[in-house]
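**Student:** So here's coords_19.tsv, just TSV, C-alpha atoms:
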```
chain	number	residue	atom	x	y	z
F	1	MET	CA	-9.14	-75.76	-4.62
F	2	SER	CA	-11.04	-75.05	-1.45
F	3	GLY	CA	-14.10	-72.82	-1.34
F	4	ALA	CA	-12.36	-70.54	1.14
F	5	SER	CA	-9.63	-69.74	-1.37
F	6	VAL	CA	-12.00	-69.24	-4.28
F	7	LYS	CA	-14.19	-66.90	-2.21
F	8	GLY	CA	-16.98	-67.52	-4.64
F	9	MET	CA	-16.50	-64.36	-6.63
F	10	ASP	CA	-13.95	-61.67	-7.21
F	11	THR	CA	-13.92	-59.55	-4.04
F	12	ALA	CA	-13.32	-56.31	-5.85
F	13	ARG	CA	-16.36	-56.89	-8.06
F	14	GLN	CA	-18.45	-57.97	-5.10
F	15	TRP	CA	-17.61	-54.99	-2.94
F	16	GLY	CA	-17.61	-52.58	-5.84
F	17	ARG	CA	-21.03	-53.43	-7.26
F	18	VAL	CA	-22.92	-50.26	-8.09
F	19	ILE	CA	-26.70	-50.33	-7.88
F	20	VAL	CA	-28.25	-47.57	-9.94
F	21	ALA	CA	-31.04	-45.70	-8.15
F	22	GLY	CA	-34.42	-46.27	-9.68
F	23	VAL	CA	-33.74	-49.73	-11.10
F	24	PHE	CA	-36.37	-51.21	-8.83
F	25	VAL	CA	-39.49	-49.97	-7.04
F	26	LEU	CA	-40.37	-51.38	-3.64
F	27	SER	CA	-43.74	-51.30	-2.00
F	28	GLY	CA	-42.90	-49.16	1.04
F	29	ALA	CA	-40.36	-46.65	2.23
F	30	ALA	CA	-39.08	-49.07	4.87
F	31	ALA	CA	-38.04	-51.63	2.27
F	32	ARG	CA	-36.35	-48.98	0.15
F	33	GLY	CA	-34.36	-47.85	3.14
F	34	GLU	CA	-33.33	-51.40	4.00
F	35	ILE	CA	-32.10	-52.05	0.46
F	36	SER	CA	-30.11	-48.83	0.47
F	37	ASP	CA	-28.54	-49.78	3.80
F	38	ALA	CA	-27.87	-53.31	2.51
F	39	GLN	CA	-25.98	-51.89	-0.47
F	40	GLU	CA	-23.81	-49.81	1.83
F	41	ARG	CA	-23.09	-52.72	4.17
F	42	LEU	CA	-22.25	-54.95	1.21
F	43	GLY	CA	-19.83	-52.36	-0.12
F	44	ALA	CA	-18.18	-52.17	3.32
F	45	GLY	CA	-17.80	-55.94	3.51
F	46	GLU	CA	-20.32	-56.26	6.35
F	47	PHE	CA	-21.94	-59.32	4.83
F	48	GLY	CA	-23.95	-60.45	7.86
F	49	ALA	CA	-25.62	-57.06	8.22
F	50	ALA	CA	-26.24	-56.89	4.45
F	51	GLN	CA	-27.90	-60.32	4.56
F	52	ASP	CA	-30.22	-59.30	7.42
F	53	LEU	CA	-31.24	-56.09	5.66
F	54	ALA	CA	-31.87	-57.87	2.35
F	55	LEU	CA	-34.08	-60.43	4.08
F	56	ALA	CA	-35.96	-57.65	5.84
F	57	ALA	CA	-36.52	-55.87	2.52
F	58	ILE	CA	-37.88	-59.05	0.95
F	59	ALA	CA	-40.26	-59.49	3.90
F	60	GLU	CA	-41.54	-55.95	3.40
F	61	VAL	CA	-42.83	-56.72	-0.11
F	62	ASP	CA	-46.40	-57.99	-0.29
F	63	TYR	CA	-46.37	-61.26	-2.23
F	64	ARG	CA	-49.84	-60.40	-3.53
F	65	ASP	CA	-48.45	-57.36	-5.30
F	66	PRO	CA	-48.73	-57.91	-9.09
F	67	ASP	CA	-45.16	-56.61	-9.39
F	68	TYR	CA	-43.84	-58.85	-6.62
F	69	ALA	CA	-41.43	-60.80	-8.84
F	70	ARG	CA	-39.92	-57.68	-10.37
F	71	VAL	CA	-39.69	-55.90	-7.05
F	72	VAL	CA	-37.85	-58.67	-5.16
F	73	PHE	CA	-35.24	-59.19	-7.87
F	74	GLU	CA	-32.69	-56.74	-6.46
F	75	PRO	CA	-33.04	-57.74	-2.79
F	76	TYR	CA	-32.48	-61.39	-3.73
F	77	ARG	CA	-29.42	-60.51	-5.77
F	78	ILE	CA	-27.95	-58.55	-2.87
F	79	LEU	CA	-28.80	-61.45	-0.58
F	80	GLY	CA	-26.83	-63.78	-2.86
F	81	ASP	CA	-23.84	-61.44	-2.83
F	82	ALA	CA	-23.94	-61.20	0.96
F	83	ARG	CA	-24.08	-64.97	1.38
F	84	MET	CA	-21.17	-65.40	-1.01
F	85	GLY	CA	-19.20	-63.09	1.26
F	86	LEU	CA	-20.23	-65.25	4.22
F	87	GLU	CA	-19.17	-68.36	2.28
F	88	ASP	CA	-22.71	-69.74	2.54
F	89	TRP	CA	-22.55	-71.22	-0.93
F	90	THR	CA	-25.85	-73.11	-0.80
F	91	GLY	CA	-27.72	-70.10	0.54
F	92	ALA	CA	-26.15	-67.87	-2.10
F	93	LEU	CA	-27.16	-70.26	-4.86
F	94	GLU	CA	-30.75	-70.29	-3.59
F	95	ALA	CA	-30.86	-66.48	-3.48
F	96	TYR	CA	-29.44	-66.11	-6.99
F	97	GLU	CA	-31.87	-68.67	-8.37
F	98	ARG	CA	-34.76	-66.76	-6.79
F	99	ALA	CA	-33.47	-63.52	-8.29
F	100	ARG	CA	-33.22	-65.10	-11.72
F	101	GLY	CA	-36.66	-66.69	-11.28
F	102	ALA	CA	-38.08	-63.24	-10.59
F	103	MET	CA	-37.19	-62.10	-14.08
F	104	HIS	CA	-39.90	-62.27	-16.71
F	105	ASP	CA	-38.97	-64.84	-19.35
F	106	ARG	CA	-39.04	-62.27	-22.09
F	107	ASP	CA	-36.65	-60.04	-20.18
F	108	ALA	CA	-34.19	-62.69	-18.98
F	109	ALA	CA	-32.85	-63.40	-22.46
F	110	LYS	CA	-32.13	-59.71	-23.03
F	111	ARG	CA	-30.71	-58.55	-19.72
F	112	ASP	CA	-27.09	-58.40	-18.66
F	113	ASP	CA	-28.39	-59.09	-15.15
F	114	ALA	CA	-29.27	-62.62	-16.18
F	115	ILE	CA	-25.75	-63.23	-17.49
F	116	GLU	CA	-24.17	-61.92	-14.32
F	117	ILE	CA	-26.41	-63.95	-12.02
F	118	LEU	CA	-25.78	-67.15	-13.97
F	119	ARG	CA	-22.06	-66.60	-13.53
F	120	GLU	CA	-22.47	-66.03	-9.81
F	121	GLU	CA	-24.53	-69.22	-9.58
F	122	ALA	CA	-21.64	-71.00	-11.30
F	123	ARG	CA	-19.20	-69.68	-8.70
F	124	ALA	CA	-21.46	-70.85	-5.89
F	125	LEU	CA	-21.75	-74.29	-7.49
F	126	VAL	CA	-17.97	-74.53	-7.81
F	127	ASN	CA	-17.61	-73.95	-4.08
F	128	ILE	CA	-20.27	-76.59	-3.43
F	129	GLY	CA	-18.32	-78.96	-5.68
F	130	ASP	CA	-20.95	-79.32	-8.41
F	131	TYR	CA	-18.72	-78.61	-11.41
F	132	GLU	CA	-21.10	-80.03	-14.00
F	133	ASN	CA	-23.97	-77.69	-13.12
F	134	ALA	CA	-21.50	-74.85	-12.81
F	135	ARG	CA	-20.44	-75.50	-16.40
F	136	VAL	CA	-24.09	-75.51	-17.49
F	137	ARG	CA	-24.61	-72.07	-15.89
F	138	GLN	CA	-21.53	-70.63	-17.58
F	139	GLU	CA	-22.61	-71.95	-20.96
F	140	SER	CA	-26.15	-70.62	-20.44
F	141	ALA	CA	-24.72	-67.17	-19.72
F	142	PHE	CA	-22.81	-67.30	-22.98
F	143	GLU	CA	-25.87	-68.46	-24.92
F	144	ILE	CA	-27.80	-65.39	-23.76
F	145	SER	CA	-25.00	-63.16	-24.99
F	146	ALA	CA	-24.72	-65.05	-28.28
F	147	ALA	CA	-28.47	-64.76	-28.86
F	148	ARG	CA	-28.19	-60.99	-28.46
F	149	HIS	CA	-25.00	-60.35	-30.40
F	150	GLY	CA	-24.56	-63.22	-32.85
F	151	ASP	CA	-21.04	-63.30	-34.34
F	152	SER	CA	-20.42	-59.60	-33.86
F	153	LEU	CA	-17.52	-58.13	-31.88
F	154	ALA	CA	-19.93	-57.54	-29.00
F	155	VAL	CA	-19.96	-61.27	-28.22
F	156	VAL	CA	-16.17	-61.51	-27.83
F	157	PRO	CA	-16.07	-60.53	-24.11
F	158	SER	CA	-18.53	-63.35	-23.35
F	159	LEU	CA	-16.44	-65.79	-25.38
F	160	MET	CA	-13.38	-64.72	-23.39
F	161	ASP	CA	-15.22	-65.24	-20.09
F	162	LEU	CA	-16.25	-68.72	-21.20
F	163	GLY	CA	-12.74	-69.49	-22.39
F	164	HIS	CA	-11.31	-68.48	-19.03
F	165	TRP	CA	-13.83	-70.73	-17.32
F	166	TYR	CA	-12.88	-73.72	-19.46
F	167	ARG	CA	-9.19	-73.07	-18.87
F	168	ASP	CA	-9.55	-72.72	-15.10
F	169	THR	CA	-11.55	-75.95	-14.91
F	170	ARG	CA	-9.00	-77.70	-17.16
F	171	HIS	CA	-11.33	-78.23	-20.12
F	172	PHE	CA	-8.43	-77.29	-22.37
F	173	SER	CA	-9.85	-78.43	-25.73
F	174	LEU	CA	-13.01	-76.41	-25.14
F	175	ALA	CA	-10.97	-73.40	-24.01
F	176	ILE	CA	-8.83	-73.55	-27.15
F	177	ARG	CA	-11.87	-73.73	-29.43
F	178	THR	CA	-13.55	-70.86	-27.59
F	179	PHE	CA	-10.56	-68.54	-27.83
F	180	GLU	CA	-10.06	-69.52	-31.48
F	181	ASP	CA	-13.72	-68.65	-32.21
F	182	ALA	CA	-13.22	-65.24	-30.58
F	183	LEU	CA	-10.02	-64.70	-32.57
F	184	ASP	CA	-11.80	-65.59	-35.83
F	185	ILE	CA	-14.42	-62.91	-35.10
F	186	VAL	CA	-11.81	-60.26	-34.26
F	187	GLU	CA	-9.69	-61.04	-37.33
F	188	GLY	CA	-12.73	-61.28	-39.61
F	189	VAL	CA	-13.57	-57.57	-39.60
F	190	ASP	CA	-12.06	-54.91	-41.83
F	191	ALA	CA	-10.70	-52.75	-39.00
F	192	ILE	CA	-8.98	-55.24	-36.67
F	193	ASP	CA	-8.74	-54.29	-33.03
F	194	HIS	CA	-5.06	-55.17	-32.65
F	195	ALA	CA	-5.06	-54.78	-28.87
F	196	LEU	CA	-7.91	-57.29	-28.55
F	197	GLN	CA	-6.24	-59.58	-31.07
F	198	ALA	CA	-3.04	-59.52	-29.03
F	199	GLN	CA	-4.92	-60.32	-25.83
F	200	LEU	CA	-6.72	-63.28	-27.42
F	201	LEU	CA	-3.48	-64.67	-28.81
F	202	PHE	CA	-1.94	-64.33	-25.36
F	203	GLU	CA	-4.86	-66.18	-23.73
F	204	LEU	CA	-4.71	-68.91	-26.38
F	205	GLY	CA	-1.00	-69.38	-25.75
F	206	ARG	CA	-1.61	-69.63	-22.00
F	207	VAL	CA	-4.09	-72.46	-22.53
F	208	HIS	CA	-1.62	-74.41	-24.65
F	209	ARG	CA	1.05	-73.87	-22.01
F	210	GLU	CA	-1.12	-75.01	-19.10
F	211	ARG	CA	-2.29	-78.03	-21.07
F	212	ARG	CA	1.32	-79.29	-21.19
F	213	TRP	CA	2.78	-77.55	-18.12
F	214	PRO	CA	0.22	-77.32	-15.29
F	215	ALA	CA	0.55	-74.20	-13.17
F	216	PRO	CA	2.55	-74.62	-9.94
F	217	ALA	CA	0.72	-75.56	-6.75
F	218	GLY	CA	-1.09	-72.56	-5.32
F	219	ALA	CA	-1.93	-70.98	-8.66
F	220	ALA	CA	-5.53	-69.96	-9.12
F	221	SER	CA	-7.72	-72.76	-10.39
F	222	PHE	CA	-11.27	-73.91	-9.71
F	223	ALA	CA	-10.90	-77.65	-10.28
F	224	PRO	CA	-8.49	-79.98	-8.50
F	225	ARG	CA	-5.43	-80.48	-10.67
F	226	PRO	CA	-4.24	-84.00	-11.49
F	227	LEU	CA	-0.73	-84.81	-10.35
F	228	ALA	CA	1.78	-83.74	-12.95
F	229	THR	CA	4.56	-86.09	-13.93
F	230	SER	CA	7.73	-85.57	-15.87
F	231	PHE	CA	7.62	-85.50	-19.65
F	232	ARG	CA	9.71	-88.67	-19.86
F	233	ALA	CA	7.43	-90.63	-17.53
F	234	ARG	CA	4.24	-89.37	-19.12
F	235	THR	CA	5.16	-90.14	-22.73
F	236	ALA	CA	7.22	-93.30	-22.33
F	237	GLY	CA	5.77	-95.94	-24.63
F	238	ASP	CA	3.02	-93.54	-25.73
F	239	PRO	CA	3.70	-92.27	-29.27
F	240	ASP	CA	0.29	-90.61	-29.43
F	241	GLY	CA	1.17	-88.68	-26.27
F	242	VAL	CA	4.46	-87.57	-27.82
F	243	ARG	CA	2.68	-86.32	-30.96
F	244	ARG	CA	0.04	-84.55	-28.87
F	245	ASP	CA	2.71	-82.82	-26.81
F	246	GLU	CA	4.52	-81.76	-29.95
F	247	ARG	CA	1.36	-80.20	-31.39
F	248	THR	CA	0.76	-78.43	-28.10
F	249	ARG	CA	4.35	-77.12	-28.09
F	250	ILE	CA	4.12	-75.77	-31.63
F	251	LYS	CA	0.71	-74.14	-31.17
F	252	GLY	CA	1.57	-72.65	-27.78
F	253	LEU	CA	4.84	-71.12	-28.97
F	254	ARG	CA	3.20	-69.81	-32.14
F	255	ALA	CA	0.33	-68.15	-30.27
F	256	LEU	CA	2.57	-66.48	-27.70
F	257	ARG	CA	5.03	-65.35	-30.37
F	258	ARG	CA	2.20	-63.78	-32.37
F	259	ALA	CA	0.86	-62.14	-29.21
F	260	MET	CA	4.29	-60.67	-28.46
F	261	HIS	CA	4.63	-59.27	-31.99
F	262	ALA	CA	1.09	-57.85	-31.83
F	263	PHE	CA	1.89	-56.00	-28.61
F	264	GLU	CA	5.19	-54.76	-30.05
F	265	ALA	CA	3.33	-53.35	-33.08
F	266	GLU	CA	0.96	-51.29	-30.91
F	267	ALA	CA	1.57	-47.57	-30.68
F	268	ASN	CA	2.02	-46.36	-27.09
F	269	VAL	CA	1.87	-49.91	-25.77
F	270	ASP	CA	1.66	-50.28	-22.01
F	271	PRO	CA	5.12	-51.35	-20.75
F	272	GLN	CA	3.67	-53.94	-18.40
F	273	ALA	CA	1.51	-55.50	-21.15
F	274	LEU	CA	4.48	-55.75	-23.50
F	275	ALA	CA	6.74	-57.16	-20.78
F	276	THR	CA	4.08	-59.70	-19.79
F	277	ALA	CA	3.75	-60.90	-23.40
F	278	ARG	CA	7.50	-61.13	-23.96
F	279	ILE	CA	8.14	-62.87	-20.66
F	280	ALA	CA	5.28	-65.34	-21.18
F	281	TYR	CA	6.85	-66.36	-24.49
F	282	ALA	CA	10.29	-66.57	-22.87
F	283	ASP	CA	8.86	-68.65	-20.01
F	284	LEU	CA	7.46	-71.19	-22.45
F	285	LEU	CA	10.82	-71.34	-24.25
F	286	THR	CA	12.43	-71.98	-20.86
F	287	LEU	CA	9.99	-74.80	-20.14
F	288	TYR	CA	11.03	-76.41	-23.43
F	289	ARG	CA	14.73	-75.80	-22.61
F	290	LYS	CA	15.21	-73.27	-25.41
F	291	HIS	CA	17.52	-71.33	-23.16
F	292	ARG	CA	19.31	-69.05	-25.62
F	293	PRO	CA	16.22	-67.41	-27.21
F	294	ALA	CA	14.57	-67.30	-23.77
F	295	ASP	CA	17.61	-65.52	-22.33
F	296	ASP	CA	17.57	-62.98	-25.17
F	297	LEU	CA	13.91	-62.17	-24.51
F	298	TYR	CA	14.38	-61.94	-20.75
F	299	ARG	CA	17.28	-59.51	-21.24
F	300	ALA	CA	15.29	-57.40	-23.72
F	301	SER	CA	12.37	-57.29	-21.31
F	302	TRP	CA	14.61	-56.29	-18.40
F	303	THR	CA	16.16	-53.47	-20.44
F	304	HIS	CA	12.77	-52.22	-21.66
F	305	LEU	CA	11.35	-52.18	-18.13
F	306	ALA	CA	14.47	-50.49	-16.74
F	307	ASP	CA	13.91	-47.68	-19.26
F	308	THR	CA	10.11	-47.40	-19.04
F	309	ALA	CA	8.83	-48.87	-15.75
F	310	PRO	CA	11.69	-49.73	-13.35
F	311	GLU	CA	9.23	-50.24	-10.50
F	312	LEU	CA	8.10	-53.46	-12.21
F	313	LEU	CA	11.54	-55.06	-12.39
F	314	ASP	CA	11.44	-56.66	-8.96
F	315	GLY	CA	8.09	-58.35	-9.61
F	316	PHE	CA	9.30	-59.94	-12.85
F	317	PHE	CA	12.98	-60.55	-12.12
F	318	GLY	CA	13.72	-59.96	-8.43
F	319	ARG	CA	13.65	-63.67	-7.53
F	320	PRO	CA	13.40	-67.04	-9.30
F	321	VAL	CA	9.81	-67.62	-10.45
F	322	ASN	CA	8.54	-71.19	-10.42
F	323	LEU	CA	7.04	-72.04	-13.81
F	324	PHE	CA	6.38	-75.74	-13.31
F	325	GLN	CA	6.72	-78.13	-10.40
F	326	PRO	CA	5.81	-81.80	-10.84
F	327	HIS	CA	4.64	-83.82	-7.84
F	328	PRO	CA	5.37	-87.55	-7.51
F	329	GLY	CA	2.18	-88.23	-5.59
F	330	SER	CA	1.62	-89.35	-2.03
F	331	PRO	CA	2.98	-92.60	-0.53
F	332	THR	CA	0.61	-95.52	-0.02
F	333	TYR	CA	-1.13	-95.26	3.33
F	334	ASN	CA	-3.28	-97.57	5.42
F	335	ALA	CA	-6.90	-96.76	4.64
F	336	ASP	CA	-7.98	-98.26	7.97
F	337	PHE	CA	-6.54	-95.24	9.75
F	338	ALA	CA	-7.19	-91.54	9.32
F	339	PRO	CA	-4.62	-90.14	6.88
F	340	ARG	CA	-1.91	-87.84	8.13
F	341	TYR	CA	-0.37	-85.01	6.19
F	342	GLY	CA	3.33	-84.33	5.98
F	343	ARG	CA	5.85	-82.15	4.22
F	344	ILE	CA	9.30	-82.40	2.73
F	345	ASN	CA	11.34	-79.21	2.56
F	346	PHE	CA	14.34	-78.85	0.27
F	347	THR	CA	16.64	-75.97	-0.54
F	348	ALA	CA	18.31	-75.79	-3.93
F	349	THR	CA	20.13	-73.53	-6.34
F	350	VAL	CA	18.21	-72.19	-9.32
F	351	THR	CA	20.72	-71.66	-12.11
F	352	ARG	CA	20.85	-68.81	-14.58
F	353	LYS	CA	19.07	-71.13	-17.03
F	354	GLY	CA	16.20	-71.74	-14.60
F	355	LEU	CA	17.27	-75.31	-13.77
F	356	VAL	CA	17.37	-76.79	-10.27
F	357	ARG	CA	20.70	-78.01	-8.89
F	358	ASP	CA	22.41	-78.74	-5.53
F	359	ILE	CA	19.24	-80.02	-3.85
F	360	ARG	CA	19.51	-80.45	-0.08
F	361	VAL	CA	16.97	-81.89	2.37
F	362	ASP	CA	16.02	-79.42	5.09
F	363	GLU	CA	13.19	-81.28	6.79
F	364	ILE	CA	11.34	-84.53	6.23
F	365	ASP	CA	8.89	-86.72	8.11
F	366	ALA	CA	10.78	-89.78	9.35
F	367	GLU	CA	8.04	-92.19	8.28
F	368	ILE	CA	8.67	-91.66	4.59
F	369	ASP	CA	12.46	-91.32	4.59
F	370	VAL	CA	12.67	-94.12	2.05
F	371	LEU	CA	10.78	-92.04	-0.57
F	372	VAL	CA	13.00	-89.00	-0.41
F	373	PHE	CA	14.59	-89.85	-3.78
F	374	LYS	CA	11.20	-89.48	-5.51
F	375	TYR	CA	10.65	-86.00	-4.14
F	376	ARG	CA	14.24	-85.01	-4.84
F	377	GLY	CA	13.72	-86.06	-8.47
F	378	ALA	CA	10.51	-84.04	-8.68
F	379	ALA	CA	12.31	-81.01	-7.28
F	380	ARG	CA	15.04	-81.44	-9.91
F	381	ASP	CA	12.41	-81.53	-12.69
F	382	GLY	CA	11.07	-78.10	-11.72
F	383	ARG	CA	11.48	-75.14	-14.06
F	384	TYR	CA	12.09	-71.53	-13.09
F	385	ARG	CA	12.46	-68.10	-14.60
F	386	PRO	CA	15.89	-67.07	-13.29
F	387	ARG	CA	16.59	-64.05	-11.13
F	388	PHE	CA	18.21	-61.10	-12.92
F	389	ILE	CA	20.65	-58.57	-11.53
F	390	ASN	CA	21.63	-55.56	-13.65
F	391	GLY	CA	20.08	-57.13	-16.72
F	392	ALA	CA	21.83	-60.50	-16.48
F	393	PRO	CA	20.62	-63.87	-15.12
F	394	VAL	CA	22.35	-65.18	-12.02
F	395	ASP	CA	22.48	-68.40	-10.00
F	396	THR	CA	20.32	-68.14	-6.86
F	397	PRO	CA	21.18	-70.38	-3.90
F	398	ASP	CA	18.96	-71.46	-1.00
F	399	VAL	CA	15.67	-71.44	-2.92
F	400	PRO	CA	13.02	-73.30	-0.87
F	401	ILE	CA	11.11	-76.16	-2.54
F	402	SER	CA	8.37	-77.93	-0.56
F	403	PHE	CA	6.06	-80.87	-1.13
F	404	THR	CA	3.02	-81.85	0.92
F	405	PHE	CA	1.66	-85.36	0.90
F	406	LYS	CA	-0.76	-87.72	2.58
F	407	TYR	CA	0.40	-90.89	4.32
```
If you convert what's in this file into structure tokens, what do you get?
**Tutor:**
Amino acid sequence: MSGASVKGMDTARQWGRVIVAGVFVLSGAAARGEISDAQERLGAGEFGAAQDLALAAIAEVDYRDPDYARVVFEPYRILGDARMGLEDWTGALEAYERARGAMHDRDAAKRDDAIEILREEARALVNIGDYENARVRQESAFEISAARHGDSLAVVPSLMDLGHWYRDTRHFSLAIRTFEDALDIVEGVDAIDHALQAQLLFELGRVHRERRWPAPAGAASFAPRPLATSFRARTAGDPDGVRRDERTRIKGLRALRRAMHAFEAEANVDPQALATARIAYADLLTLYRKHRPADDLYRASWTHLADTAPELLDGFFGRPVNLFQPHPGSPTYNADFAPRYGRINFTATVTRKGLVRDIRVDEIDAEIDVLVFKYRGAARDGRYRPRFINGAPVDTPDVPISFTFKY
């Protein structure tokens, strides 16, 4: 995934950061004013102006001041945020590292600021392409939290953050272990937080699903995804692969089924949360071609939303939703020449079972006409959540399916 699409950090968090007055003391009214202005510009998305003001505030602080390190912490953090907004990943990383370096060692292990900055450093490193050091930063952030909270419930949010990181970077085994550790903590107390338990089961099921069925192209992910192939091609002559896929299927379905039941057992459950859990389970059943139980769950979810939150129906069921789309890879090209990029566009019918039929070629680059059968086969292997009308699944014609490739 490109740095431009990651944006380094969640925009809402970046623009919505609240700096509490009095957290830092600057040597001079001018610097205090610049930091205040920088906060406002950052909140307004004026990243260039925020960067200039943060640099000016840093310049105002006398490096001979005994409190220099403590005083420059906040300006450097704001500088890092501004540079992330400007997509200056290297500059942002440098600013965050200076902010973290300004912390006293005895404070860094106790402060939430250190955890947050380490995570922002990880995001900057992802955009630079240094995934290994990004992983180290994420794990260091978790270690600070674990040192503070041990195996108490307070460490669970940090475990979830780490689990999300592992999942998004396709370290699926680590993600599974991390979410299972969090679930053990939640289920190991006398008064179980059932809402948190349900969320962890849901996240665990998502990891098992993505391990077997990579998210469609365009879904959020930090690391480049390997090309997905069909189940038949991937497991042919590989009994270990078949057994591994079977374990993944069983564990994924079990986790999402437990998550669904946990949400159903909640009093005053949010309709969207319940629908999301039910539909996620139904989606995985669809991927494994368990069409009858999937259809029952889709119908139940449609009816529940129609009664409780009809405004959500279109988002879940107003069109076919692509659940999985394999890609056959790019044709061989001559490395002596600069590669070109092309596209094949199909239209097809998505059936009421979420299968792809009646595939037609709309547009194709002439140079790779001979490979059209490969892309047609990949289109046929796609899986969809069907569109629903009045609570029933319907066939949907003229659904666009596109592939990009290098040649």
**Student:** Determine, using only C-alpha atoms, which residues of range 297-400 of chain F have any atom at most 10 Å from an atom of range 197-217 of chain F, and tabulate each with its shortest atom pair and distance in Å to one decimal place, rows ordered by chain and then rising number, as a tab-separated table.
**Tutor:**
```
residue	atom	partner	partner_atom	distance
F:Asn322	CA	F:Pro216	CA	6.9
F:Leu323	CA	F:Pro216	CA	6.5
F:Phe324	CA	F:Pro216	CA	5.2
F:Gln325	CA	F:Pro216	CA	5.5
F:Pro326	CA	F:Pro216	CA	7.9
F:His327	CA	F:Ala217	CA	9.2
F:Gly382	CA	F:Pro216	CA	9.4
F:Arg383	CA	F:Pro216	CA	9.8
```
**Student:** Write out the residues from the selection above, keeping C-alpha atoms, as an mmCIF file, in the coordinates of the input.
**Tutor:**
```
data_model
loop_
_atom_site.group_PDB
_atom_site.id
_atom_site.type_symbol
_atom_site.label_atom_id
_atom_site.label_comp_id
_atom_site.auth_asym_id
_atom_site.auth_seq_id
_atom_site.Cartn_x
_atom_site.Cartn_y
_atom_site.Cartn_z
ATOM 1 C CA ASN F 322 8.540 -71.190 -10.420
ATOM 2 C CA LEU F 323 7.040 -72.040 -13.810
ATOM 3 C CA PHE F 324 6.380 -75.740 -13.310
ATOM 4 C CA GLN F 325 6.720 -78.130 -10.400
ATOM 5 C CA PRO F 326 5.810 -81.800 -10.840
ATOM 6 C CA HIS F 327 4.640 -83.820 -7.840
ATOM 7 C CA GLY F 382 11.070 -78.100 -11.720
ATOM 8 C CA ARG F 383 11.480 -75.140 -14.060
#
```
**Student:** Nearest to Ala102 in chain F: which of F:Glu120, F:Glu74, F:Asp81, F:Glu87 is it, counting only C-alpha atoms?
**Tutor:**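 Result for the nearest residue to Ala102 in chain F: F:Glu74.
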**Student:** With all atoms listed in the file as the basis for distance, which of F:Val356, F:Ala392, F:Ala59, F:Leu253 is at the shortest distance from Asp295 in chain F?
**Tutor:**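 Ranking F:Val356, F:Ala392, F:Ala59, F:Leu253 by distance to Asp295 in chain F, first place goes to F:Ala392.
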**Student:** Excluding same-chain residues fewer than 3 positions from Phe346 in chain F, what lies within 6 Å of it counting all atoms listed in the file, as a ChimeraX atom specification?
**Tutor:** /F:360-362,400-401
**Student:** I'd like to know which of F:Arg111, F:Phe263, F:Ala54, F:Thr286 is closest to Ala95 in chain F, using all atoms listed in the file.
**Tutor:**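 Between F:Arg111, F:Phe263, F:Ala54, F:Thr286, the residue approaching Ala95 in chain F most closely is F:Ala54.
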**Student:** Considering all atoms listed in the file, state which residue in the set F:Tyr76, F:Phe405, F:Phe317, F:Tyr384 is at the smallest distance from Ala50 in chain F.
**Tutor:**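 With all atoms listed in the file as the atom set, the closest residue is F:Tyr76.
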**Student:** CA of Ser140 in chain F to CA of Val71 in chain F: how many Å, to one decimal?
**Tutor:** 24.1 Å
**Student:** Using all atoms listed in the file, find the one residue out of F:Leu183, F:Ile389, F:Ile279, F:Ala265 that sits nearest to Gly318 in chain F.
**Tutor:**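 Among F:Leu183, F:Ile389, F:Ile279, F:Ala265, it is F:Ile389 that comes nearest to Gly318 in chain F.
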**Student:** I need the residue nearest Ala92 in chain F from this list: F:Ile128, F:Lys406, F:Tyr375, F:Glu116. Use only C-alpha atoms for the distance.
**Tutor:**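 Looking only at the distances to Ala92 in chain F, the closest residue turns out to be F:Ile128.
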**Student:** Find the residues near Val156 in chain F: any atom within 8 Å, counting all atoms listed in the file, skip ones fewer than 3 places away on the same chain, and give them as a VMD selection string.
**Tutor:** chain F and resid 152 to 153 159 to 160 182 185 to 186
**Student:** Write the residues you've just listed into a file as a PDB file, keeping the file's coordinate frame, and include C-alpha atoms for each of them.
**Tutor:**
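Once everything was written out, this is out.pdb:
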```
ATOM      1  CA  SER F 152     -20.420 -59.600 -33.860  1.00  0.00           C
ATOM      2  CA  LEU F 153     -17.520 -58.130 -31.880  1.00  0.00           C
ATOM      3  CA  LEU F 159     -16.440 -65.790 -25.380  1.00  0.00           C
ATOM      4  CA  MET F 160     -13.380 -64.720 -23.390  1.00  0.00           C
ATOM      5  CA  ALA F 182     -13.220 -65.240 -30.580  1.00  0.00           C
ATOM      6  CA  ILE F 185     -14.420 -62.910 -35.100  1.00  0.00           C
ATOM      7  CA  VAL F 186     -11.810 -60.260 -34.260  1.00  0.00           C
TER       8      VAL F 186
END
```
**Student:** Mind pulling up the distance from CA of Leu256 in chain F to CA of Ser173 in chain F?
**Tutor:**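 Answer for the CA of Ser173 in chain F to CA of Leu256 in chain F separation: 17.3 Å.
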**Student:** So the first atom is CA of Ala306 in chain F and the second is CA of Ala275 in chain F; what is the distance between them in Å, to one decimal place?
**Tutor:**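 CA of Ala275 in chain F lies 11.0 Å from CA of Ala306 in chain F.
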**Student:** Please, which residues are within 9 Å of (24.5, -69.1, -9.9) by the file's coordinates, counting all atoms listed in the file, and could they come as JSON, numbers by chain?
**Tutor:** {"F": [349, 350, 351, 352, 393, 394, 395, 396, 397]}
